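Have a look at final.pdb; it's PDB, C-alpha atoms, pLDDT in the B column:
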```pdb
ATOM      1  CA  GLY A 149     116.923  87.691  84.742  1.00 65.00           C
ATOM      2  CA  GLN A 150     116.007  85.258  87.448  1.00 71.00           C
ATOM      3  CA  GLN A 151     112.415  83.972  87.377  1.00 83.00           C
ATOM      4  CA  VAL A 152     110.832  82.951  90.664  1.00 90.00           C
ATOM      5  CA  GLN A 153     107.509  81.147  90.822  1.00 94.00           C
ATOM      6  CA  GLN A 154     105.714  80.432  94.067  1.00 95.00           C
ATOM      7  CA  SER A 155     102.861  77.970  94.379  1.00 97.00           C
ATOM      8  CA  PRO A 156     100.155  77.764  95.328  1.00 97.00           C
ATOM      9  CA  ALA A 157      99.187  81.438  95.218  1.00 95.00           C
ATOM     10  CA  SER A 158      96.780  80.858  98.075  1.00 96.00           C
ATOM     11  CA  LEU A 159      95.964  78.047 100.450  1.00 97.00           C
ATOM     12  CA  VAL A 160      93.202  77.472 102.996  1.00 97.00           C
ATOM     13  CA  LEU A 161      93.651  74.895 105.750  1.00 97.00           C
ATOM     14  CA  GLN A 162      91.886  73.644 108.798  1.00 97.00           C
ATOM     15  CA  GLU A 163      93.952  73.827 111.948  1.00 97.00           C
ATOM     16  CA  GLY A 164      96.092  70.744 112.304  1.00 97.00           C
ATOM     17  CA  GLU A 165      96.539  70.127 108.582  1.00 97.00           C
ATOM     18  CA  ASN A 166      99.956  70.215 106.903  1.00 97.00           C
ATOM     19  CA  ALA A 167     101.033  72.545 104.113  1.00 97.00           C
ATOM     20  CA  GLU A 168     103.687  72.359 101.403  1.00 97.00           C
ATOM     21  CA  LEU A 169     104.723  75.625  99.756  1.00 98.00           C
ATOM     22  CA  GLN A 170     106.918  75.672  96.684  1.00 98.00           C
ATOM     23  CA  CYS A 171     109.406  78.104  95.202  1.00 96.00           C
ATOM     24  CA  ASN A 172     110.734  77.296  91.735  1.00 95.00           C
ATOM     25  CA  PHE A 173     113.521  79.160  90.012  1.00 90.00           C
ATOM     26  CA  SER A 174     114.872  79.291  86.501  1.00 87.00           C
ATOM     27  CA  THR A 175     118.657  79.697  86.768  1.00 81.00           C
ATOM     28  CA  SER A 176     121.524  78.990  89.141  1.00 81.00           C
ATOM     29  CA  LEU A 177     121.195  79.600  92.852  1.00 81.00           C
ATOM     30  CA  ASN A 178     123.539  81.415  95.213  1.00 79.00           C
ATOM     31  CA  SER A 179     121.199  82.076  98.106  1.00 86.00           C
ATOM     32  CA  MET A 180     117.649  81.217  99.133  1.00 91.00           C
ATOM     33  CA  GLN A 181     115.626  82.701 101.977  1.00 94.00           C
ATOM     34  CA  TRP A 182     112.062  82.139 103.207  1.00 96.00           C
ATOM     35  CA  PHE A 183     110.083  84.879 104.925  1.00 96.00           C
ATOM     36  CA  TYR A 184     106.782  85.202 106.753  1.00 96.00           C
ATOM     37  CA  GLN A 185     104.703  88.369 106.573  1.00 95.00           C
ATOM     38  CA  ARG A 186     101.524  89.297 108.430  1.00 88.00           C
ATOM     39  CA  PRO A 187      99.139  91.668 106.616  1.00 80.00           C
ATOM     40  CA  GLY A 188     100.600  95.139 106.938  1.00 78.00           C
ATOM     41  CA  GLY A 189     103.644  93.766 108.700  1.00 86.00           C
ATOM     42  CA  SER A 190     107.321  93.448 108.092  1.00 87.00           C
ATOM     43  CA  LEU A 191     109.153  90.368 106.878  1.00 91.00           C
ATOM     44  CA  VAL A 192     110.349  87.822 109.380  1.00 92.00           C
ATOM     45  CA  SER A 193     113.100  85.517 108.224  1.00 92.00           C
ATOM     46  CA  LEU A 194     112.192  81.848 108.598  1.00 95.00           C
ATOM     47  CA  PHE A 195     115.119  80.160 106.880  1.00 94.00           C
ATOM     48  CA  TYR A 196     118.275  81.011 105.037  1.00 93.00           C
ATOM     49  CA  ASN A 197     118.713  77.798 103.083  1.00 93.00           C
ATOM     50  CA  PRO A 198     120.701  77.770  99.823  1.00 89.00           C
ATOM     51  CA  SER A 199     120.878  73.971  99.821  1.00 92.00           C
ATOM     52  CA  GLY A 200     119.782  70.960 101.817  1.00 95.00           C
ATOM     53  CA  THR A 201     117.209  70.702 104.586  1.00 97.00           C
ATOM     54  CA  LYS A 202     116.716  72.816 107.678  1.00 96.00           C
ATOM     55  CA  HIS A 203     114.244  72.466 110.531  1.00 97.00           C
ATOM     56  CA  SER A 204     112.766  74.940 112.952  1.00 96.00           C
ATOM     57  CA  GLY A 205     109.934  73.727 115.168  1.00 97.00           C
ATOM     58  CA  ARG A 206     107.012  72.792 112.907  1.00 97.00           C
ATOM     59  CA  LEU A 207     108.726  74.255 109.840  1.00 97.00           C
ATOM     60  CA  THR A 208     111.044  72.479 107.401  1.00 98.00           C
ATOM     61  CA  SER A 209     112.800  74.015 104.421  1.00 97.00           C
ATOM     62  CA  THR A 210     114.316  71.888 101.649  1.00 97.00           C
ATOM     63  CA  THR A 211     116.276  73.301  98.724  1.00 95.00           C
ATOM     64  CA  VAL A 212     117.243  71.028  95.828  1.00 94.00           C
ATOM     65  CA  ILE A 213     119.459  72.964  93.463  1.00 90.00           C
ATOM     66  CA  LYS A 214     119.465  70.341  90.679  1.00 90.00           C
ATOM     67  CA  GLU A 215     115.671  70.432  90.567  1.00 91.00           C
ATOM     68  CA  ARG A 216     115.617  74.226  90.871  1.00 91.00           C
ATOM     69  CA  ARG A 217     113.159  74.255  93.706  1.00 94.00           C
ATOM     70  CA  SER A 218     112.852  75.060  97.369  1.00 96.00           C
ATOM     71  CA  SER A 219     109.965  74.037  99.585  1.00 97.00           C
ATOM     72  CA  LEU A 220     108.589  75.104 102.935  1.00 98.00           C
ATOM     73  CA  HIS A 221     106.672  72.477 104.894  1.00 98.00           C
ATOM     74  CA  ILE A 222     104.403  73.488 107.744  1.00 98.00           C
ATOM     75  CA  SER A 223     103.223  70.659 109.935  1.00 97.00           C
ATOM     76  CA  SER A 224     100.187  70.715 112.231  1.00 97.00           C
ATOM     77  CA  SER A 225      99.161  74.199 111.107  1.00 97.00           C
ATOM     78  CA  GLN A 226      97.841  76.728 113.610  1.00 97.00           C
ATOM     79  CA  THR A 227      95.682  79.825 113.129  1.00 96.00           C
ATOM     80  CA  THR A 228      98.715  81.940 113.957  1.00 94.00           C
ATOM     81  CA  ASP A 229     100.438  80.587 110.833  1.00 96.00           C
ATOM     82  CA  SER A 230      98.041  82.631 108.698  1.00 96.00           C
ATOM     83  CA  GLY A 231      99.801  85.218 106.556  1.00 95.00           C
ATOM     84  CA  THR A 232     101.953  85.405 103.458  1.00 95.00           C
ATOM     85  CA  TYR A 233     105.034  83.314 102.833  1.00 97.00           C
ATOM     86  CA  LEU A 234     107.675  84.666 100.494  1.00 96.00           C
ATOM     87  CA  CYS A 235     110.813  83.201  99.020  1.00 95.00           C
ATOM     88  CA  ALA A 236     113.752  85.307  97.839  1.00 93.00           C
ATOM     89  CA  LEU A 237     116.764  84.118  95.926  1.00 89.00           C
ATOM     90  CA  ASP A 238     119.850  85.301  94.172  1.00 84.00           C
ATOM     91  CA  SER A 239     121.658  83.631  91.321  1.00 76.00           C
ATOM     92  CA  GLY A 240     125.154  84.924  91.996  1.00 70.00           C
ATOM     93  CA  GLY A 241     127.439  87.833  91.369  1.00 64.00           C
ATOM     94  CA  ASN A 242     126.513  91.004  93.224  1.00 64.00           C
ATOM     95  CA  TYR A 243     123.801  89.998  95.637  1.00 70.00           C
ATOM     96  CA  LYS A 244     120.608  91.207  94.002  1.00 80.00           C
ATOM     97  CA  PRO A 245     117.694  89.192  95.398  1.00 86.00           C
ATOM     98  CA  THR A 246     114.500  88.429  93.526  1.00 89.00           C
ATOM     99  CA  PHE A 247     111.281  87.724  95.410  1.00 92.00           C
ATOM    100  CA  GLY A 248     108.441  85.448  94.463  1.00 92.00           C
ATOM    101  CA  LYS A 249     104.915  86.845  94.670  1.00 92.00           C
ATOM    102  CA  GLY A 250     104.162  84.803  97.747  1.00 93.00           C
ATOM    103  CA  THR A 251     101.687  82.230  99.022  1.00 96.00           C
ATOM    104  CA  SER A 252      98.785  83.537 101.063  1.00 95.00           C
ATOM    105  CA  LEU A 253      97.905  81.048 103.811  1.00 97.00           C
ATOM    106  CA  VAL A 254      94.711  81.076 105.858  1.00 97.00           C
ATOM    107  CA  VAL A 255      94.305  78.586 108.674  1.00 97.00           C
ATOM    108  CA  HIS A 256      90.802  78.209 110.108  1.00 97.00           C
ATOM    109  CA  PRO A 257      90.167  77.022 113.682  1.00 96.00           C
TER     110      PRO A 257
ATOM    111  CA  GLU B 817     119.476  90.331 116.826  1.00 59.00           C
ATOM    112  CA  ALA B 818     119.897  92.432 113.709  1.00 55.00           C
ATOM    113  CA  ALA B 819     118.325  95.875 113.855  1.00 92.00           C
ATOM    114  CA  VAL B 820     117.031  97.853 110.901  1.00 96.00           C
ATOM    115  CA  THR B 821     114.960 100.957 111.518  1.00 96.00           C
ATOM    116  CA  GLN B 822     113.064 103.128 109.053  1.00 97.00           C
ATOM    117  CA  SER B 823     111.694 106.642 109.228  1.00 97.00           C
ATOM    118  CA  PRO B 824     109.095 107.855 108.841  1.00 97.00           C
ATOM    119  CA  ARG B 825     106.802 104.880 109.383  1.00 96.00           C
ATOM    120  CA  SER B 826     104.125 106.519 107.303  1.00 96.00           C
ATOM    121  CA  LYS B 827     103.931 109.579 105.136  1.00 97.00           C
ATOM    122  CA  VAL B 828     101.444 111.434 102.989  1.00 97.00           C
ATOM    123  CA  ALA B 829     103.015 113.417 100.162  1.00 97.00           C
ATOM    124  CA  VAL B 830     101.669 115.601  97.387  1.00 97.00           C
ATOM    125  CA  THR B 831     102.211 114.863  93.724  1.00 97.00           C
ATOM    126  CA  GLY B 832     105.356 116.570  92.502  1.00 97.00           C
ATOM    127  CA  GLY B 833     106.817 116.971  95.954  1.00 97.00           C
ATOM    128  CA  LYS B 834     110.115 115.571  97.214  1.00 97.00           C
ATOM    129  CA  VAL B 835     110.114 112.609  99.585  1.00 98.00           C
ATOM    130  CA  THR B 836     113.044 111.146 101.481  1.00 98.00           C
ATOM    131  CA  LEU B 837     112.804 107.797 103.228  1.00 98.00           C
ATOM    132  CA  SER B 838     115.547 106.901 105.671  1.00 98.00           C
ATOM    133  CA  CYS B 839     116.971 103.597 106.807  1.00 98.00           C
ATOM    134  CA  HIS B 840     119.455 102.912 109.593  1.00 98.00           C
ATOM    135  CA  GLN B 841     121.082  99.594 110.515  1.00 97.00           C
ATOM    136  CA  THR B 842     123.221  98.692 113.479  1.00 96.00           C
ATOM    137  CA  ASN B 843     124.303  95.288 112.161  1.00 91.00           C
ATOM    138  CA  ASN B 844     127.593  96.349 110.619  1.00 92.00           C
ATOM    139  CA  HIS B 845     126.284  94.861 107.348  1.00 94.00           C
ATOM    140  CA  ASP B 846     127.814  95.838 104.028  1.00 94.00           C
ATOM    141  CA  TYR B 847     124.721  95.402 101.856  1.00 93.00           C
ATOM    142  CA  MET B 848     121.585  97.535 102.118  1.00 95.00           C
ATOM    143  CA  TYR B 849     118.457  97.452  99.954  1.00 96.00           C
ATOM    144  CA  TRP B 850     115.291  99.354  99.196  1.00 97.00           C
ATOM    145  CA  TYR B 851     112.181  97.462  98.048  1.00 97.00           C
ATOM    146  CA  ARG B 852     108.652  98.456  97.336  1.00 96.00           C
ATOM    147  CA  GLN B 853     105.674  96.210  97.907  1.00 94.00           C
ATOM    148  CA  ASP B 854     102.429  96.450  95.984  1.00 90.00           C
ATOM    149  CA  THR B 855      99.488  94.119  96.019  1.00 79.00           C
ATOM    150  CA  GLY B 856      99.958  91.526  93.307  1.00 70.00           C
ATOM    151  CA  HIS B 857     103.634  92.319  92.723  1.00 73.00           C
ATOM    152  CA  GLY B 858     105.361  91.070  95.807  1.00 82.00           C
ATOM    153  CA  LEU B 859     108.573  92.886  96.696  1.00 91.00           C
ATOM    154  CA  ARG B 860     110.587  94.544  93.981  1.00 93.00           C
ATOM    155  CA  LEU B 861     114.138  95.816  94.338  1.00 94.00           C
ATOM    156  CA  ILE B 862     114.570  99.549  93.678  1.00 96.00           C
ATOM    157  CA  HIS B 863     118.181 100.278  94.634  1.00 97.00           C
ATOM    158  CA  TYR B 864     120.861  98.570  96.644  1.00 95.00           C
ATOM    159  CA  SER B 865     124.340  99.290  97.909  1.00 95.00           C
ATOM    160  CA  TYR B 866     127.249  97.110  98.958  1.00 92.00           C
ATOM    161  CA  VAL B 867     129.571  99.858 100.164  1.00 94.00           C
ATOM    162  CA  ALA B 868     129.246 103.393 101.510  1.00 95.00           C
ATOM    163  CA  ASP B 869     129.179 106.200  98.926  1.00 95.00           C
ATOM    164  CA  SER B 870     128.068 103.818  96.192  1.00 95.00           C
ATOM    165  CA  THR B 871     124.627 102.689  95.038  1.00 96.00           C
ATOM    166  CA  GLU B 872     123.386 100.299  92.362  1.00 94.00           C
ATOM    167  CA  LYS B 873     120.164 100.152  90.394  1.00 94.00           C
ATOM    168  CA  GLY B 874     117.769  97.354  91.161  1.00 93.00           C
ATOM    169  CA  ASP B 875     114.936  96.112  88.993  1.00 91.00           C
ATOM    170  CA  ILE B 876     112.693  99.215  89.130  1.00 95.00           C
ATOM    171  CA  PRO B 877     114.933 102.279  89.696  1.00 97.00           C
ATOM    172  CA  ASP B 878     113.050 104.799  87.545  1.00 97.00           C
ATOM    173  CA  GLY B 879     111.752 107.738  89.553  1.00 97.00           C
ATOM    174  CA  TYR B 880     113.957 106.943  92.550  1.00 98.00           C
ATOM    175  CA  LYS B 881     117.408 107.937  93.721  1.00 98.00           C
ATOM    176  CA  ALA B 882     119.394 106.405  96.550  1.00 98.00           C
ATOM    177  CA  SER B 883     122.128 107.667  98.834  1.00 98.00           C
ATOM    178  CA  ARG B 884     124.498 105.712 101.114  1.00 98.00           C
ATOM    179  CA  PRO B 885     126.492 108.302 103.039  1.00 97.00           C
ATOM    180  CA  SER B 886     127.754 105.794 105.608  1.00 97.00           C
ATOM    181  CA  GLN B 887     127.676 102.058 106.199  1.00 97.00           C
ATOM    182  CA  GLU B 888     124.772 102.482 108.608  1.00 97.00           C
ATOM    183  CA  ASN B 889     122.502 104.778 106.591  1.00 98.00           C
ATOM    184  CA  PHE B 890     120.712 104.342 103.283  1.00 98.00           C
ATOM    185  CA  SER B 891     118.132 106.794 101.942  1.00 98.00           C
ATOM    186  CA  LEU B 892     115.585 106.555  99.165  1.00 98.00           C
ATOM    187  CA  ILE B 893     114.694 109.812  97.447  1.00 98.00           C
ATOM    188  CA  LEU B 894     111.678 110.563  95.325  1.00 97.00           C
ATOM    189  CA  GLU B 895     112.466 113.896  93.664  1.00 95.00           C
ATOM    190  CA  LEU B 896     109.036 114.294  92.067  1.00 97.00           C
ATOM    191  CA  ALA B 897     106.564 112.012  93.808  1.00 97.00           C
ATOM    192  CA  SER B 898     103.824 110.525  91.648  1.00 97.00           C
ATOM    193  CA  LEU B 899     100.575 108.707  92.383  1.00 97.00           C
ATOM    194  CA  SER B 900     102.101 105.458  91.107  1.00 96.00           C
ATOM    195  CA  GLN B 901     104.697 105.574  93.884  1.00 97.00           C
ATOM    196  CA  THR B 902     102.086 104.980  96.555  1.00 96.00           C
ATOM    197  CA  ALA B 903     103.266 101.735  98.162  1.00 96.00           C
ATOM    198  CA  VAL B 904     104.904 100.234 101.211  1.00 95.00           C
ATOM    199  CA  TYR B 905     108.682 100.608 101.180  1.00 97.00           C
ATOM    200  CA  PHE B 906     111.004  98.234 102.961  1.00 97.00           C
ATOM    201  CA  CYS B 907     114.665  98.594 103.753  1.00 97.00           C
ATOM    202  CA  ALA B 908     116.874  95.593 104.448  1.00 95.00           C
ATOM    203  CA  SER B 909     120.482  94.826 105.215  1.00 95.00           C
ATOM    204  CA  SER B 910     122.665  91.755 104.845  1.00 91.00           C
ATOM    205  CA  LEU B 911     126.220  90.636 105.392  1.00 89.00           C
ATOM    206  CA  SER B 912     127.449  90.020 101.853  1.00 79.00           C
ATOM    207  CA  SER B 913     125.165  87.456 100.177  1.00 72.00           C
ATOM    208  CA  TYR B 914     123.773  86.000 103.358  1.00 79.00           C
ATOM    209  CA  GLU B 915     120.381  86.417 104.902  1.00 87.00           C
ATOM    210  CA  GLN B 916     118.565  89.718 104.808  1.00 91.00           C
ATOM    211  CA  TYR B 917     117.102  91.519 107.787  1.00 92.00           C
ATOM    212  CA  PHE B 918     114.179  93.827 107.142  1.00 94.00           C
ATOM    213  CA  GLY B 919     112.980  97.067 108.668  1.00 96.00           C
ATOM    214  CA  PRO B 920     109.340  97.610 109.685  1.00 95.00           C
ATOM    215  CA  GLY B 921     108.393  99.378 106.452  1.00 95.00           C
ATOM    216  CA  THR B 922     107.180 102.849 105.494  1.00 96.00           C
ATOM    217  CA  ARG B 923     103.699 103.347 104.126  1.00 95.00           C
ATOM    218  CA  LEU B 924     103.802 106.127 101.545  1.00 97.00           C
ATOM    219  CA  THR B 925     100.654 107.678 100.141  1.00 97.00           C
ATOM    220  CA  VAL B 926     100.981 110.188  97.318  1.00 97.00           C
ATOM    221  CA  LEU B 927      97.932 112.367  96.742  1.00 96.00           C
TER     222      LEU B 927
END
```
Rewrite the coordinates I just gave you, this time as structure tokens.
Amino acid sequence: GQQVQQSPASLVLQEGENAELQCNFSTSLNSMQWFYQRPGGSLVSLFYNPSGTKHSGRLTSTTVIKERRSSLHISSSQTTDSGTYLCALDSGGNYKPTFGKGTSLVVHP
Amino acid sequence: EAAVTQSPRSKVAVTGGKVTLSCHQTNNHDYMYWYRQDTGHGLRLIHYSYVADSTEKGDIPDGYKASRPSQENFSLILELASLSQTAVYFCASSLSSYEQYFGPGTRLTVL
């Protein structure tokens, strides 16, 4: 089945620093989605990005299918960015998404 | 904005008892999913459905049944709840293979 690896597992930043989160996958890609989750909270969709680059405020998602990776860039981090970031992807056929284990981000003031 | 609701939001069940978790979506989406989330495991797919009256097994279906009586409703059934099924359960919906929209989650504790 599809293997999804997220890195780093955890990340600590000072407010204002940038972050680069990675999601690597082992087979073909049909869909890719990035989520944000607060502790004990639900999942908020950040990007649906199966290929190319998308921007939303301080966030940028880039998916490069040939390299089997997707990244999430957070610029000028804020304390409110703290939480867990998850990627989910599907390799085709009946849509059956696989999640990575997530990156836990802590941003200190 | 897509809307997925779950009930109950939290539940305490006894070992061996029957538990039913419900999910309702008003998005007119064809796909619906049930996941469980455990510390250290991320989200894992239990069952999913792409049409009413039909369900498919996900990656960890053992100990769970699913029911999709209508396009809007998708239930997860634990016939004999066990301690290992203590987790947070999330329901989601999507339009075909496009982005998923998640419900708020149900925290299940089995004692």
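Take the candidates B:Pro824, B:Gly874, B:Gly919, B:Gly856 and check each one against Leu837 of chain B using only C-alpha atoms; the shortest distance goes to B:Pro824.
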Checklist entry - Could you write out as a PyMOL selection string the residues that the PyMOL selection byres ((chain B and resi 841) around 9) matches in the shown file? => result chain B and resi 818-822+839-840+842-845+848+887-890+908-909+919
May I have the selected residues written with C-alpha atoms, as a short mmCIF file (atom, residue, chain, number, x, y, z; two decimals), in the coordinates of the input?
```cif
data_model
loop_
_atom_site.label_atom_id
_atom_site.label_comp_id
_atom_site.auth_asym_id
_atom_site.auth_seq_id
_atom_site.Cartn_x
_atom_site.Cartn_y
_atom_site.Cartn_z
CA ALA B 818 119.90 92.43 113.71
CA ALA B 819 118.32 95.88 113.86
CA VAL B 820 117.03 97.85 110.90
CA THR B 821 114.96 100.96 111.52
CA GLN B 822 113.06 103.13 109.05
CA CYS B 839 116.97 103.60 106.81
CA HIS B 840 119.46 102.91 109.59
CA THR B 842 123.22 98.69 113.48
CA ASN B 843 124.30 95.29 112.16
CA ASN B 844 127.59 96.35 110.62
CA HIS B 845 126.28 94.86 107.35
CA MET B 848 121.58 97.54 102.12
CA GLN B 887 127.68 102.06 106.20
CA GLU B 888 124.77 102.48 108.61
CA ASN B 889 122.50 104.78 106.59
CA PHE B 890 120.71 104.34 103.28
CA ALA B 908 116.87 95.59 104.45
CA SER B 909 120.48 94.83 105.22
CA GLY B 919 112.98 97.07 108.67
#
```
Next on the checklist: Residue by residue, what does the PyMOL selection byres ((chain B and resi 863-873) around 7) grab here? Present the result as a ChimeraX atom specification.
Outcome noted: /B:846-850,861-862,874-875,877,882-887
Item to check | Nearby residues (all atoms listed in the file) at most 10 Å from segment 897-904 of chain B, same-chain spacing under 2 positions excluded, as a PyMOL selection string | outcome: (chain A and resi 188-190) or (chain B and resi 825-835+851-855+859+879-880+893-895+906+920-927)
Checklist outcome for this item: Counting all atoms listed in the file, closest pick from A:Asp229, A:Glu163, A:Asp238, A:Glu215 relative to chain B is A:Asp238
Checklist entry - Can you find the residues with an atom no farther than 12 Å from (121.1, 83.4, 103.9), counting all atoms listed in the file, and report them as a PyMOL selection string? => result (chain A and resi 177-183+193-199+235-238+243+245) or (chain B and resi 909-917)
Checklist entry - If you count all atoms listed in the file, which residues fall within 10 Å of Asn172 of chain A, apart from same-chain ones fewer than 5 positions away, as a ChimeraX atom specification? => result /A:151-155,211-213,215-219,235,248
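In terms of minimum interatomic distance to chain A, B:Arg860 ranks closest within B:Ser838, B:Ser823, B:Lys881, B:Arg860, counting all atoms listed in the file.
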Item to check | Selection under test: the PyMOL selection byres ((chain A and resi 207) around 9); residues as a count of residues only | outcome: 12
Checklist entry - For the atom pair atom CA of Glu165 of chain A and atom CA of Ser252 of chain A, what is the interatomic distance in Å to one decimal place? => result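 These two atoms are separated by 15.5 Å.
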To test the calculation: enclose all listed atoms of segment 859-872 of chain B in a box whose edges run along x, y and z, add 5 Å on each side, then state centre and edge lengths in Å to one decimal, as JSON.
```
{"center_x": 119.1, "center_y": 99.5, "center_z": 96.9, "size_x": 31.0, "size_y": 23.3, "size_z": 19.1}
```
Checklist entry - Need the neighbours of (100.8, 79.5, 94.0): which residues are at most 9 Å away, counting all atoms listed in the file, as an MDAnalysis selection string? => result chainID A and resid 153:159 169:171 249:252
Item to check | Separation of atom CA of Pro187 of chain A from atom CA of Thr228 of chain A, in Å and rounded to one decimal | outcome: 12.2 Å
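Residue nearest chain B within the list A:Lys214, A:Thr227, A:Tyr233, A:Leu191: A:Leu191 [criterion: smallest interatomic distance, only C-alpha atoms].
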Checklist outcome for this item: Correct to one decimal, the distance atom CA of Gly240 of chain A-atom CA of Thr201 of chain A is 20.6 Å
